[in-house]
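**Q** Can you read through this structure? Questions will come right after.
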Amino acid sequence: MRLRRAREAITGYLFVLPAVGLFGLFVFYPLVKTAYLGLYAQPVFPGLPTRYVGFSQYSSVLSSPEFLGDLWRTVLFILFTMPLGIALGLGMAVLAHKRLAGIRIFRLIFSSTIATSVAVASVIFFTLLDPQVGLITYLLGQRGGAGLLNSPTWALPAVALTTIWQNLGFTFILMSAALQSVPDELIEAAAVDGSSPTASFWRVTFPLLSPQMFFVGVIGIIAGFQAFGQIYILTGGAGGPDNATTTVLFDIYTNAFVNNNMGVASVMAIALFVVLLVLTALQFLVLQRRVFYAGAGA
Amino acid sequence: MEPASVELEHVEKRFGSTVALAAIDLVAEAGEFLVLLGPSGCGKSTLLRIVAGLETPSAGTVRIGGVDVSAVEPRDRDIAMVFQNYALYPHLSVRRNIEFPLKARHVPAPERRRVAEEAAESLQLGELLERKPSQLSGGQRQRVALARAIVRHPKAFLMDEPLSNLDARLRVEMRAELVDLHLQTGTTIIYVTHDQVEAMTMGTRIAVMSNGVMRQLGAPQDVHDRPADVFVAGFIGSPPMNLLPGEVVASSTGGLPVATVPGGTVAVGAFPPGMKVTIGIRPEQLVVDDAGTIEATVSLVESLGHERHLACRLPDGPLVIVRQAGSAPVTRIGTPVRLSIRNGTRVHVFDSESGKRVDAAA
């Protein structure tokens, strides 16, 4: 009996071995290596060997105005992109939820940005934001100026706008699915109970969408921390003007591959990892508590 | 709010080329418990949804309390509806569910609280006010749905198979509670069900429907005793009425005319010889009797304790069900028997073409 159980256990471990191996090689090893690199400072002159400085590099980088500025701009970027993105996606999903002739065409159009890549979205908006010929520049009456992307105040909102547009298809699809999961019967019950369509939406539909909105929100935050391509392309790889679009991830890139300072980049990468880990854990916890919504009306 | 009558005048509903309801005329009197009875897909739920305003009729008029509400939104019709799946708001507590219709009508909070607690109390929900619907049993959810319906004294209650998700014992209990609720509130109730027992036990009147057509409207006993056509005859009663093809012939003894059925003859009223008919015999009308006029063979015996059902095969193949008291002598499977019509009862006679009732007798 014990022998059989032992053999079963061995078989089980053999089955997970390939996955563990791949994870170890491509996830766990780089993670540990990154944490380790964070303990070594880069000398002022390139080419000299790195120097062990221990956790002092962690404390100095994480408390530096550079990093705190990065963090603040990242938070701003998320505040620009996430709430507005959800609101737009939900609004479009509500519009497309109606049973109308030809509504499928609108659903297709609304979800189409999911088929664009960051590069495509960025190039489109780079053109739209062009100081001379850009449509958005023209609509805002800014023609002849330096352009939004060259303004320290407006560069980050402009990048956020691109991001919102690119993620809209994804948000729209998720919100559409969420809307369809709300039983028609509940909306009918609300109507018979005396609610106007607006009141039904806010009192019944909206609360029932909260788990999915929470999910999209967390995804939006994580995506905000990981935004890179659009910043790189729209600002010509500089994260400017005057660091106005330099987020944590962009600074990691600059430190690692432009300034060749692996130590600082590693410290920031570990910080980013911790933030994302906490967010993901939080999402799991909250979603687990909300699962009872499903089918509770039946 | 005073109970109001609900009138349907020539209400039609078509989905594309499919006719879901064909020119229905129906009046639920103020304070009446009207049951819409029929098999699934007969249009009874559609009819109820038209009354609620959740469905727009293709033609016809709906009046509530004498007022044409055809163009009125559901929220302004002042009716309450109980759905088959209860349709409780899963994110709200029992209290907030019951208060919902009051809140929608901007009733002030203290008043809302008081009325909701009263309604909850009358349905024994007092202990459960802070729970969420997911923490309730089926019967409790049903009660919450009822409380939410009665809380604002609407002109009429619409109920769409509200008991179909409950287990058998609870269903019997809730039946009594609904009848009690009707007596207490005196509100007009339109109740949709496919369960003839619910219809018979609860309704002041029953409207029997099939294929979008109203077959018969009447008091439960009348519908049972005098089904208007073959459909109603077969739908009401359990076990169902035996329906046999027959033909009227002159009686050889000079008495009442008889009809030939597979295996023998039964006495019918005065009908022209040669007429093709469908003979309807309730299982309780048939008795095993050596002097009987129908020959059959017992092919199945089902004992329910207090009564027994014999399935008897007639010579030409059809089965008839005979219902006996549990105390009657036991008949074994395979025994040839003779059946007669119980004294003092008459068989039901329907035209074989149209299926309509043609005899005048009860």
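Residues are named by chain letter and number: chains run A, B, ... in the order of the structure tokens, numbers start at 1 in each chain, and ligands are numbered from 1 in the order shown.
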Can you check which parts of region 135-221 of chain A lie within 7 Å of region 95-117 of chain B? Per residue, the shortest pair of atoms and distance in Å to one decimal, counting only C-alpha atoms, sorted by chain and number, as a tab-separated table.

**A**
```
residue	atom	partner	partner_atom	distance
A:Asp193	CA	B:Pro101	CA	4.6
A:Gly194	CA	B:Ala104	CA	5.5
A:Ser195	CA	B:Ala104	CA	5.2
```

**Q** Let's have the selection written as an mmCIF file, in the first residue's frame, with N, CA and C atoms.

**A**
```cif
data_model
loop_
_atom_site.group_PDB
_atom_site.id
_atom_site.type_symbol
_atom_site.label_atom_id
_atom_site.label_comp_id
_atom_site.auth_asym_id
_atom_site.auth_seq_id
_atom_site.Cartn_x
_atom_site.Cartn_y
_atom_site.Cartn_z
ATOM 1 N N ASP A 193 -40.995 46.209 -10.460
ATOM 2 C CA ASP A 193 -40.952 46.788 -9.112
ATOM 3 C C ASP A 193 -40.975 48.309 -9.131
ATOM 4 N N GLY A 194 -40.911 48.903 -10.315
ATOM 5 C CA GLY A 194 -41.084 50.346 -10.397
ATOM 6 C C GLY A 194 -39.829 51.141 -10.705
ATOM 7 N N SER A 195 -38.739 50.456 -11.123
ATOM 8 C CA SER A 195 -37.503 51.180 -11.414
ATOM 9 C C SER A 195 -37.480 51.673 -12.848
#
```

**Q** Chain B residues within 6 Å of chain A, counting only C-alpha atoms: which ones, as JSON, numbers by chain?

**A** {"B": [74, 75, 85, 87, 88, 90, 101, 104, 134]}

**Q** Put those residues in a file: C-alpha atoms, as a PDB file, in the first residue's frame.

**A**
```
ATOM      1  CA  PRO B  74     -44.207  48.001 -16.597  1.00  0.00           C
ATOM      2  CA  ARG B  75     -43.034  50.276 -13.789  1.00  0.00           C
ATOM      3  CA  ASN B  85     -36.672  31.631 -10.465  1.00  0.00           C
ATOM      4  CA  ALA B  87     -35.491  36.908  -9.473  1.00  0.00           C
ATOM      5  CA  LEU B  88     -34.181  38.082  -6.127  1.00  0.00           C
ATOM      6  CA  PRO B  90     -28.403  38.596  -5.294  1.00  0.00           C
ATOM      7  CA  PRO B 101     -40.184  48.324  -4.844  1.00  0.00           C
ATOM      8  CA  ALA B 104     -38.073  52.631  -6.443  1.00  0.00           C
ATOM      9  CA  SER B 134     -27.696  32.833  -1.658  1.00  0.00           C
TER      10      SER B 134
END
```

**Q** Leu277 (chain A): which residues within 10 Å, counting only C-alpha atoms, same-chain residues fewer than 6 positions away excluded, as a PyMOL selection string?

**A** chain A and resi 222+271+283

**Q** Fewer than 3 positions away in the same chain doesn't count, so skip those; otherwise give me all residues within 9 Å of Ser327 (chain B), counting only C-alpha atoms, as number ranges by chain.

**A** B: 305-308, 324, 330

**Q** Those selected residues, please, written with N, CA and C atoms and delivered as a JSON list (two decimals), in the first residue's frame.

**A**
```
[["chain", "number", "residue", "atom", "x", "y", "z"],
["B", 305, "GLY", "N", -51.58, 2.41, -2.31],
["B", 305, "GLY", "CA", -51.99, 2.27, -0.92],
["B", 305, "GLY", "C", -53.47, 2.56, -0.76],
["B", 306, "HIS", "N", -53.82, 3.86, -0.82],
["B", 306, "HIS", "CA", -55.23, 4.20, -0.65],
["B", 306, "HIS", "C", -56.03, 3.95, -1.92],
["B", 307, "GLU", "N", -55.36, 3.84, -3.04],
["B", 307, "GLU", "CA", -56.07, 3.52, -4.27],
["B", 307, "GLU", "C", -55.17, 2.71, -5.19],
["B", 308, "ARG", "N", -55.78, 2.20, -6.26],
["B", 308, "ARG", "CA", -55.04, 1.31, -7.15],
["B", 308, "ARG", "C", -55.40, 1.68, -8.58],
["B", 324, "GLN", "N", -59.32, 2.24, -8.70],
["B", 324, "GLN", "CA", -60.08, 1.51, -7.69],
["B", 324, "GLN", "C", -59.68, 1.98, -6.31],
["B", 330, "VAL", "N", -58.15, -7.59, -5.13],
["B", 330, "VAL", "CA", -56.97, -7.48, -6.00],
["B", 330, "VAL", "C", -57.18, -8.26, -7.29]]
```

**Q** What lies within 6 Å of region 161-172 of chain A using only C-alpha atoms, ignoring chain neighbours under 4 positions off, as a list in words?

**A** Thr81, Gly85, Gly89, Ala93, Phe110, Ser111, Ser112, Thr113, Ile114 and Ser176 of chain A

**Q** Output N, CA and C atoms for every residue in the selection just made, as a PDB file, in the first residue's frame.

**A**
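To be explicit, this is the file written out as result_21.pdb:
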```
ATOM      1  N   THR A  81      -5.521  56.154 -17.112  1.00  0.00           N
ATOM      2  CA  THR A  81      -5.957  55.106 -18.036  1.00  0.00           C
ATOM      3  C   THR A  81      -7.075  54.227 -17.482  1.00  0.00           C
ATOM      4  N   GLY A  85     -10.827  54.100 -18.858  1.00  0.00           N
ATOM      5  CA  GLY A  85     -10.903  52.937 -19.746  1.00  0.00           C
ATOM      6  C   GLY A  85     -12.091  52.055 -19.400  1.00  0.00           C
ATOM      7  N   GLY A  89     -15.345  51.466 -21.732  1.00  0.00           N
ATOM      8  CA  GLY A  89     -15.642  50.093 -22.143  1.00  0.00           C
ATOM      9  C   GLY A  89     -17.038  49.679 -21.699  1.00  0.00           C
ATOM     10  N   ALA A  93     -20.244  48.878 -23.993  1.00  0.00           N
ATOM     11  CA  ALA A  93     -20.895  47.568 -23.839  1.00  0.00           C
ATOM     12  C   ALA A  93     -22.391  47.739 -23.600  1.00  0.00           C
ATOM     13  N   PHE A 110     -16.352  47.996 -32.074  1.00  0.00           N
ATOM     14  CA  PHE A 110     -15.954  48.338 -30.705  1.00  0.00           C
ATOM     15  C   PHE A 110     -14.845  47.436 -30.185  1.00  0.00           C
ATOM     16  N   SER A 111     -14.868  46.162 -30.615  1.00  0.00           N
ATOM     17  CA  SER A 111     -13.863  45.255 -30.071  1.00  0.00           C
ATOM     18  C   SER A 111     -12.612  45.199 -30.944  1.00  0.00           C
ATOM     19  N   SER A 112     -12.593  45.963 -32.048  1.00  0.00           N
ATOM     20  CA  SER A 112     -11.522  45.781 -33.032  1.00  0.00           C
ATOM     21  C   SER A 112     -10.146  46.175 -32.511  1.00  0.00           C
ATOM     22  N   THR A 113     -10.069  47.081 -31.514  1.00  0.00           N
ATOM     23  CA  THR A 113      -8.717  47.504 -31.127  1.00  0.00           C
ATOM     24  C   THR A 113      -7.937  46.369 -30.479  1.00  0.00           C
ATOM     25  N   ILE A 114      -8.652  45.300 -30.115  1.00  0.00           N
ATOM     26  CA  ILE A 114      -7.936  44.174 -29.513  1.00  0.00           C
ATOM     27  C   ILE A 114      -7.005  43.530 -30.540  1.00  0.00           C
ATOM     28  N   SER A 176     -18.961  43.400 -22.032  1.00  0.00           N
ATOM     29  CA  SER A 176     -20.106  42.827 -22.759  1.00  0.00           C
ATOM     30  C   SER A 176     -20.458  41.460 -22.189  1.00  0.00           C
TER      31      SER A 176
END
```

**Q** Within 10 Å of Ser59 (chain A), counting only C-alpha atoms, which residues qualify if same-chain residues fewer than 5 places away don't, as a PyMOL selection string?

**A** chain A and resi 54+64+267

**Q** Which one is closest to Leu71 (chain A): A:Asn255, A:Phe106, A:Pro241, A:Gly224? Count only C-alpha atoms.

**A**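 Ranked by minimum distance to Leu71 (chain A), first place goes to A:Gly224.
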
**Q** Using only C-alpha atoms, determine which residues lie at most 9 Å from Leu79 (chain A), disregarding the query and same-chain residues fewer than 5 positions distant; provide the list as a count of residues only.

**A** 3

**Q** Output as a list in words all residues of region 12-210 of chain A that backbone DSSP marks as strand (DSSP E or B).

**A**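 Here is the list: Tyr40, Ala41, Arg51 and Tyr52 of chain A.
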
**Q** Can I get the selection written as a PDB file, in the first residue's frame, with N, CA and C atoms?

**A**
```
ATOM      1  N   TYR A  40      24.797  44.642  -5.959  1.00  0.00           N
ATOM      2  CA  TYR A  40      26.088  45.103  -6.503  1.00  0.00           C
ATOM      3  C   TYR A  40      25.926  46.454  -7.179  1.00  0.00           C
ATOM      4  N   ALA A  41      26.825  47.393  -6.843  1.00  0.00           N
ATOM      5  CA  ALA A  41      26.753  48.733  -7.422  1.00  0.00           C
ATOM      6  C   ALA A  41      27.642  48.808  -8.654  1.00  0.00           C
ATOM      7  N   ARG A  51      30.747  46.291  -7.572  1.00  0.00           N
ATOM      8  CA  ARG A  51      31.200  46.281  -6.187  1.00  0.00           C
ATOM      9  C   ARG A  51      30.036  45.860  -5.301  1.00  0.00           C
ATOM     10  N   TYR A  52      30.284  44.944  -4.348  1.00  0.00           N
ATOM     11  CA  TYR A  52      29.217  44.511  -3.447  1.00  0.00           C
ATOM     12  C   TYR A  52      28.892  45.622  -2.459  1.00  0.00           C
TER      13      TYR A  52
END
```

**Q** Could you state the separation of CA of Leu37 (chain B) and CA of His194 (chain B) in Å, given to one decimal place?

**A**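 Calculated distance between CA of Leu37 (chain B) and CA of His194 (chain B) is 5.4 Å.
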
**Q** Which parts of region 75-113 of chain A does DSSP call alpha helix (DSSP H) when run on the backbone here, written out as a PDB file with C-alpha atoms, in the first residue's frame?

**A**
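Contents of selection-v5.pdb, as written:
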```pdb
ATOM      1  CA  VAL A  75       0.366  56.053 -10.464  1.00  0.00           C
ATOM      2  CA  LEU A  76      -0.766  59.094 -12.455  1.00  0.00           C
ATOM      3  CA  PHE A  77      -0.626  57.079 -15.664  1.00  0.00           C
ATOM      4  CA  ILE A  78      -2.828  54.388 -14.073  1.00  0.00           C
ATOM      5  CA  LEU A  79      -5.251  57.021 -12.771  1.00  0.00           C
ATOM      6  CA  PHE A  80      -5.501  58.449 -16.289  1.00  0.00           C
ATOM      7  CA  THR A  81      -5.957  55.106 -18.036  1.00  0.00           C
ATOM      8  CA  MET A  82      -7.796  52.688 -15.727  1.00  0.00           C
ATOM      9  CA  PRO A  83     -10.996  54.447 -14.539  1.00  0.00           C
ATOM     10  CA  LEU A  84     -11.664  56.150 -17.856  1.00  0.00           C
ATOM     11  CA  GLY A  85     -10.903  52.937 -19.746  1.00  0.00           C
ATOM     12  CA  ILE A  86     -13.408  50.952 -17.668  1.00  0.00           C
ATOM     13  CA  ALA A  87     -16.038  53.672 -17.934  1.00  0.00           C
ATOM     14  CA  LEU A  88     -15.696  53.877 -21.723  1.00  0.00           C
ATOM     15  CA  GLY A  89     -15.642  50.093 -22.143  1.00  0.00           C
ATOM     16  CA  LEU A  90     -18.705  49.679 -19.938  1.00  0.00           C
ATOM     17  CA  GLY A  91     -20.525  52.522 -21.665  1.00  0.00           C
ATOM     18  CA  MET A  92     -19.886  51.023 -25.089  1.00  0.00           C
ATOM     19  CA  ALA A  93     -20.895  47.568 -23.839  1.00  0.00           C
ATOM     20  CA  VAL A  94     -24.180  48.991 -22.541  1.00  0.00           C
ATOM     21  CA  LEU A  95     -24.816  50.665 -25.903  1.00  0.00           C
ATOM     22  CA  ALA A  96     -24.024  47.471 -27.801  1.00  0.00           C
ATOM     23  CA  ILE A 103     -25.724  45.748 -33.705  1.00  0.00           C
ATOM     24  CA  ARG A 104     -23.160  43.070 -34.501  1.00  0.00           C
ATOM     25  CA  ILE A 105     -21.316  45.491 -36.750  1.00  0.00           C
ATOM     26  CA  PHE A 106     -20.942  47.887 -33.836  1.00  0.00           C
ATOM     27  CA  ARG A 107     -19.793  45.072 -31.565  1.00  0.00           C
ATOM     28  CA  LEU A 108     -17.151  44.182 -34.146  1.00  0.00           C
ATOM     29  CA  ILE A 109     -15.981  47.781 -34.459  1.00  0.00           C
ATOM     30  CA  PHE A 110     -15.954  48.338 -30.705  1.00  0.00           C
ATOM     31  CA  SER A 111     -13.863  45.255 -30.071  1.00  0.00           C
TER      32      SER A 111
END
```

**Q** Between CA of Pro65 (chain A) and CA of Phe273 (chain A), what is the spacing in Å?

**A**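 Computed distance, CA of Phe273 (chain A) to CA of Pro65 (chain A), equals 19.8 Å.
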
**Q** Which of these residues is nearest to Gln180 (chain A), using only C-alpha atoms: A:Leu209, A:Ala9, A:Gln288, A:Val218?

**A** A:Leu209
